[in-house]
Structures are given as C-alpha cells and as structure tokens.
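The structure file run02.cif is reproduced below (mmCIF, N, CA and C atoms).
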data_target
#
loop_
_atom_site.label_atom_id
_atom_site.label_comp_id
_atom_site.auth_asym_id
_atom_site.auth_seq_id
_atom_site.Cartn_x
_atom_site.Cartn_y
_atom_site.Cartn_z
N MET A 1 -0.71 -4.62 -19.64
CA MET A 1 -0.38 -5.27 -18.39
C MET A 1 -0.35 -4.21 -17.28
N LYS A 2 -0.99 -4.53 -16.16
CA LYS A 2 -1.03 -3.61 -15.04
C LYS A 2 0.27 -3.66 -14.26
N LYS A 3 0.68 -2.50 -13.74
CA LYS A 3 1.86 -2.42 -12.90
C LYS A 3 1.46 -1.82 -11.56
N LEU A 4 2.18 -2.21 -10.53
CA LEU A 4 1.92 -1.70 -9.20
C LEU A 4 2.71 -0.42 -8.98
N TYR A 5 1.99 0.65 -8.65
CA TYR A 5 2.60 1.94 -8.34
C TYR A 5 2.05 2.44 -7.01
N ARG A 6 2.85 3.27 -6.33
CA ARG A 6 2.32 3.96 -5.16
C ARG A 6 1.42 5.08 -5.64
N SER A 7 0.30 5.25 -4.99
CA SER A 7 -0.67 6.26 -5.38
C SER A 7 -0.17 7.65 -5.02
N THR A 8 -0.40 8.60 -5.92
CA THR A 8 -0.05 9.99 -5.63
C THR A 8 -1.28 10.79 -5.23
N THR A 9 -2.46 10.26 -5.52
CA THR A 9 -3.69 10.98 -5.19
C THR A 9 -4.36 10.44 -3.94
N ASP A 10 -4.33 9.14 -3.73
CA ASP A 10 -5.01 8.53 -2.59
C ASP A 10 -3.97 7.99 -1.62
N LYS A 11 -3.35 8.91 -0.86
CA LYS A 11 -2.32 8.47 0.06
C LYS A 11 -2.51 9.13 1.41
N LYS A 12 -2.15 8.41 2.44
CA LYS A 12 -2.17 8.93 3.79
C LYS A 12 -0.74 9.10 4.30
N ILE A 13 0.10 8.10 4.09
CA ILE A 13 1.50 8.19 4.50
C ILE A 13 2.40 8.16 3.27
N ALA A 14 2.43 7.04 2.57
CA ALA A 14 3.32 6.93 1.42
C ALA A 14 2.61 6.53 0.14
N GLY A 15 1.32 6.22 0.21
CA GLY A 15 0.58 5.84 -0.97
C GLY A 15 0.62 4.36 -1.28
N VAL A 16 1.19 3.56 -0.39
CA VAL A 16 1.31 2.12 -0.63
C VAL A 16 -0.07 1.48 -0.65
N CYS A 17 -0.89 1.74 0.34
CA CYS A 17 -2.23 1.13 0.41
C CYS A 17 -3.10 1.60 -0.75
N GLY A 18 -3.01 2.88 -1.09
CA GLY A 18 -3.77 3.39 -2.23
C GLY A 18 -3.35 2.74 -3.53
N GLY A 19 -2.05 2.51 -3.69
CA GLY A 19 -1.55 1.86 -4.90
C GLY A 19 -1.97 0.41 -5.00
N ILE A 20 -1.94 -0.29 -3.88
CA ILE A 20 -2.39 -1.69 -3.86
C ILE A 20 -3.88 -1.76 -4.18
N ALA A 21 -4.65 -0.83 -3.63
CA ALA A 21 -6.08 -0.81 -3.89
C ALA A 21 -6.37 -0.52 -5.36
N GLU A 22 -5.63 0.39 -5.96
CA GLU A 22 -5.81 0.67 -7.39
C GLU A 22 -5.45 -0.55 -8.23
N TYR A 23 -4.39 -1.25 -7.86
CA TYR A 23 -3.95 -2.42 -8.61
C TYR A 23 -5.00 -3.53 -8.60
N PHE A 24 -5.58 -3.79 -7.42
CA PHE A 24 -6.58 -4.86 -7.29
C PHE A 24 -8.01 -4.35 -7.49
N ASP A 25 -8.18 -3.05 -7.75
CA ASP A 25 -9.47 -2.44 -8.00
C ASP A 25 -10.44 -2.67 -6.83
N ILE A 26 -9.95 -2.36 -5.62
CA ILE A 26 -10.78 -2.45 -4.43
C ILE A 26 -10.69 -1.13 -3.66
N ASP A 27 -11.49 -1.00 -2.63
CA ASP A 27 -11.51 0.21 -1.82
C ASP A 27 -10.23 0.31 -0.99
N PRO A 28 -9.56 1.45 -0.97
CA PRO A 28 -8.31 1.60 -0.21
C PRO A 28 -8.50 1.39 1.29
N THR A 29 -9.70 1.65 1.79
CA THR A 29 -9.97 1.46 3.21
C THR A 29 -9.78 0.00 3.62
N ILE A 30 -10.15 -0.91 2.75
CA ILE A 30 -9.99 -2.34 3.04
C ILE A 30 -8.51 -2.68 3.19
N VAL A 31 -7.69 -2.16 2.30
CA VAL A 31 -6.25 -2.43 2.36
C VAL A 31 -5.65 -1.83 3.63
N ARG A 32 -6.09 -0.63 3.98
CA ARG A 32 -5.59 0.02 5.20
C ARG A 32 -5.98 -0.76 6.45
N ILE A 33 -7.20 -1.27 6.47
CA ILE A 33 -7.66 -2.07 7.61
C ILE A 33 -6.82 -3.34 7.74
N ILE A 34 -6.47 -3.95 6.62
CA ILE A 34 -5.63 -5.16 6.65
C ILE A 34 -4.26 -4.83 7.23
N PHE A 35 -3.66 -3.72 6.80
CA PHE A 35 -2.34 -3.34 7.34
C PHE A 35 -2.43 -3.02 8.83
N VAL A 36 -3.50 -2.36 9.27
CA VAL A 36 -3.67 -2.05 10.70
C VAL A 36 -3.86 -3.34 11.48
N ALA A 37 -4.62 -4.29 10.94
CA ALA A 37 -4.82 -5.57 11.62
C ALA A 37 -3.49 -6.33 11.74
N LEU A 38 -2.63 -6.20 10.75
CA LEU A 38 -1.32 -6.85 10.83
C LEU A 38 -0.39 -6.14 11.81
N LEU A 39 -0.65 -4.88 12.10
CA LEU A 39 0.16 -4.14 13.08
C LEU A 39 -0.17 -4.55 14.52
N LEU A 40 -1.37 -5.00 14.77
CA LEU A 40 -1.82 -5.28 16.13
C LEU A 40 -1.04 -6.38 16.86
N PRO A 41 -0.64 -7.48 16.22
CA PRO A 41 0.03 -8.53 16.99
C PRO A 41 1.48 -8.23 17.35
N GLY A 42 1.93 -7.03 17.23
CA GLY A 42 3.29 -6.71 17.61
C GLY A 42 3.95 -5.73 16.67
N GLY A 43 3.28 -5.38 15.61
CA GLY A 43 3.80 -4.37 14.70
C GLY A 43 4.59 -4.89 13.53
N LEU A 44 5.45 -5.85 13.75
CA LEU A 44 6.36 -6.30 12.69
C LEU A 44 5.64 -6.91 11.49
N PRO A 45 4.60 -7.73 11.66
CA PRO A 45 3.95 -8.31 10.48
C PRO A 45 3.30 -7.29 9.55
N GLY A 46 2.98 -6.12 10.03
CA GLY A 46 2.39 -5.11 9.18
C GLY A 46 3.34 -4.01 8.80
N LEU A 47 4.25 -3.66 9.70
CA LEU A 47 5.16 -2.55 9.45
C LEU A 47 6.27 -2.92 8.47
N LEU A 48 6.84 -4.07 8.60
CA LEU A 48 7.94 -4.48 7.73
C LEU A 48 7.53 -4.56 6.26
N PRO A 49 6.41 -5.23 5.92
CA PRO A 49 6.00 -5.24 4.50
C PRO A 49 5.68 -3.84 3.97
N TYR A 50 5.09 -3.00 4.82
CA TYR A 50 4.77 -1.64 4.38
C TYR A 50 6.04 -0.86 4.06
N LEU A 51 7.03 -0.96 4.92
CA LEU A 51 8.29 -0.25 4.68
C LEU A 51 9.01 -0.77 3.44
N ILE A 52 8.98 -2.08 3.26
CA ILE A 52 9.62 -2.66 2.07
C ILE A 52 8.90 -2.18 0.80
N LEU A 53 7.57 -2.20 0.82
CA LEU A 53 6.82 -1.73 -0.34
C LEU A 53 7.04 -0.25 -0.58
N TRP A 54 7.21 0.53 0.47
CA TRP A 54 7.46 1.96 0.35
C TRP A 54 8.75 2.21 -0.42
N VAL A 55 9.76 1.37 -0.16
CA VAL A 55 11.06 1.54 -0.81
C VAL A 55 11.06 0.95 -2.22
N VAL A 56 10.41 -0.20 -2.41
CA VAL A 56 10.52 -0.94 -3.66
C VAL A 56 9.55 -0.45 -4.74
N VAL A 57 8.33 -0.11 -4.36
CA VAL A 57 7.31 0.25 -5.36
C VAL A 57 7.50 1.71 -5.78
N PRO A 58 7.59 1.97 -7.08
CA PRO A 58 7.79 3.35 -7.55
C PRO A 58 6.48 4.14 -7.50
N THR A 59 6.60 5.46 -7.49
CA THR A 59 5.40 6.31 -7.55
C THR A 59 4.88 6.33 -8.98
N LYS A 60 3.60 6.64 -9.09
CA LYS A 60 2.96 6.67 -10.41
C LYS A 60 3.55 7.83 -11.21
N PRO A 61 3.95 7.58 -12.45
CA PRO A 61 4.54 8.65 -13.26
C PRO A 61 3.50 9.70 -13.67
#
Spell out the structure here as structure tokens.
Amino acid sequence: MKKLYRSTTDKKIAGVCGGIAEYFDIDPTIVRIIFVALLLPGGLPGLLPYLILWVVVPTKP
C-alpha cells in the first residue's frame, strides 16, 4: 500500500508538491502549477492546504 510522504529529493520549499507527485506518479511541475493557480484568487485556497499538508504529512524515512 502506498503512503503519502513529503519528498526529500524533489523539494523547493517543504517537499509537499514533490511528495504528492510521487504518490500519484505524475510530474511535480503539474502539482506546483496547481498550487500556484490556487494561490492566485487571493492566496488562501492554495496556501492553507499547503501549510496543513506541510504539518500533517511526514517526511520520507
């Protein structure tokens, strides 16, 4: 069973986008673009989930 971890190798800030990309087996750039697009309408729709995932998702052992 796959588990969601923050990436330790493919990270720009906290590794959240890299970890999500590894989990879904997609390019991390796509995940980053989605988070940036969610930041545009005022910041909260993209920033809040990112911060929550940063705290909740553990780093890869």
Practice task
Choose the residue, out of A:Ile52, A:Lys60, A:Gly46, A:Lys11, that has the smallest atom-to-atom separation from Ile34 in chain A; count all atoms listed in the file.
Solution key: A:Gly46
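Atom pair CA of Pro61 in chain A / CA of Val16 in chain A has a distance of 14.6 Å (rounded to one decimal).
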Completion exercise
Counting only C-alpha atoms, the residue among A:Arg6, A:Leu48, A:Thr59, A:Leu40 that lies closest to Pro28 in chain A is A:Arg6
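A straight line drawn from atom C of Leu39 in chain A to atom C of Phe24 in chain A is 23.4 Å long.
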Problem - Counting only C-alpha atoms, the residue of A:Tyr50, A:Gly15, A:Ala21, A:Pro58 that sits nearest Leu38 in chain A - result: A:Tyr50
Practice task
Enter the distance from atom N of Gly19 in chain A to CA of Ser7 in chain A, in Å, rounded to one decimal.
Solution key: 4.3 Å
Would you list, as a PDB file with N, CA and C atoms, in the frame of the given file, the residues of range 4-36 of chain A that end up in helix (DSSP H, G or I) under DSSP run on this structure's backbone?
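Printed below is part-v6.pdb as written:
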ATOM      1  N   VAL A  16       1.190   3.560  -0.390  1.00  0.00           N
ATOM      2  CA  VAL A  16       1.310   2.120  -0.630  1.00  0.00           C
ATOM      3  C   VAL A  16      -0.070   1.480  -0.650  1.00  0.00           C
ATOM      4  N   CYS A  17      -0.890   1.740   0.340  1.00  0.00           N
ATOM      5  CA  CYS A  17      -2.230   1.130   0.410  1.00  0.00           C
ATOM      6  C   CYS A  17      -3.100   1.600  -0.750  1.00  0.00           C
ATOM      7  N   GLY A  18      -3.010   2.880  -1.090  1.00  0.00           N
ATOM      8  CA  GLY A  18      -3.770   3.390  -2.230  1.00  0.00           C
ATOM      9  C   GLY A  18      -3.350   2.740  -3.530  1.00  0.00           C
ATOM     10  N   GLY A  19      -2.050   2.510  -3.690  1.00  0.00           N
ATOM     11  CA  GLY A  19      -1.550   1.860  -4.900  1.00  0.00           C
ATOM     12  C   GLY A  19      -1.970   0.410  -5.000  1.00  0.00           C
ATOM     13  N   ILE A  20      -1.940  -0.290  -3.880  1.00  0.00           N
ATOM     14  CA  ILE A  20      -2.390  -1.690  -3.860  1.00  0.00           C
ATOM     15  C   ILE A  20      -3.880  -1.760  -4.180  1.00  0.00           C
ATOM     16  N   ALA A  21      -4.650  -0.830  -3.630  1.00  0.00           N
ATOM     17  CA  ALA A  21      -6.080  -0.810  -3.890  1.00  0.00           C
ATOM     18  C   ALA A  21      -6.370  -0.520  -5.360  1.00  0.00           C
ATOM     19  N   GLU A  22      -5.630   0.390  -5.960  1.00  0.00           N
ATOM     20  CA  GLU A  22      -5.810   0.670  -7.390  1.00  0.00           C
ATOM     21  C   GLU A  22      -5.450  -0.550  -8.230  1.00  0.00           C
ATOM     22  N   TYR A  23      -4.390  -1.250  -7.860  1.00  0.00           N
ATOM     23  CA  TYR A  23      -3.950  -2.420  -8.610  1.00  0.00           C
ATOM     24  C   TYR A  23      -5.000  -3.530  -8.600  1.00  0.00           C
ATOM     25  N   PHE A  24      -5.580  -3.790  -7.420  1.00  0.00           N
ATOM     26  CA  PHE A  24      -6.580  -4.860  -7.290  1.00  0.00           C
ATOM     27  C   PHE A  24      -8.010  -4.350  -7.490  1.00  0.00           C
ATOM     28  N   PRO A  28      -9.560   1.450  -0.970  1.00  0.00           N
ATOM     29  CA  PRO A  28      -8.310   1.600  -0.210  1.00  0.00           C
ATOM     30  C   PRO A  28      -8.500   1.390   1.290  1.00  0.00           C
ATOM     31  N   THR A  29      -9.700   1.650   1.790  1.00  0.00           N
ATOM     32  CA  THR A  29      -9.970   1.460   3.210  1.00  0.00           C
ATOM     33  C   THR A  29      -9.780   0.000   3.620  1.00  0.00           C
ATOM     34  N   ILE A  30     -10.150  -0.910   2.750  1.00  0.00           N
ATOM     35  CA  ILE A  30      -9.990  -2.340   3.040  1.00  0.00           C
ATOM     36  C   ILE A  30      -8.510  -2.680   3.190  1.00  0.00           C
ATOM     37  N   VAL A  31      -7.690  -2.160   2.300  1.00  0.00           N
ATOM     38  CA  VAL A  31      -6.250  -2.430   2.360  1.00  0.00           C
ATOM     39  C   VAL A  31      -5.650  -1.830   3.630  1.00  0.00           C
ATOM     40  N   ARG A  32      -6.090  -0.630   3.980  1.00  0.00           N
ATOM     41  CA  ARG A  32      -5.590   0.020   5.200  1.00  0.00           C
ATOM     42  C   ARG A  32      -5.980  -0.760   6.450  1.00  0.00           C
ATOM     43  N   ILE A  33      -7.200  -1.270   6.470  1.00  0.00           N
ATOM     44  CA  ILE A  33      -7.660  -2.070   7.610  1.00  0.00           C
ATOM     45  C   ILE A  33      -6.820  -3.340   7.740  1.00  0.00           C
ATOM     46  N   ILE A  34      -6.470  -3.950   6.620  1.00  0.00           N
ATOM     47  CA  ILE A  34      -5.630  -5.160   6.650  1.00  0.00           C
ATOM     48  C   ILE A  34      -4.260  -4.830   7.230  1.00  0.00           C
ATOM     49  N   PHE A  35      -3.660  -3.720   6.800  1.00  0.00           N
ATOM     50  CA  PHE A  35      -2.340  -3.340   7.340  1.00  0.00           C
ATOM     51  C   PHE A  35      -2.430  -3.020   8.830  1.00  0.00           C
ATOM     52  N   VAL A  36      -3.500  -2.360   9.270  1.00  0.00           N
ATOM     53  CA  VAL A  36      -3.670  -2.050  10.700  1.00  0.00           C
ATOM     54  C   VAL A  36      -3.860  -3.340  11.480  1.00  0.00           C
TER      55      VAL A  36
END
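With all atoms listed in the file as the atoms that count, the residue of A:Met1, A:Val31, A:Leu51, A:Ala37 with the shortest distance to Gly18 in chain A is A:Val31.
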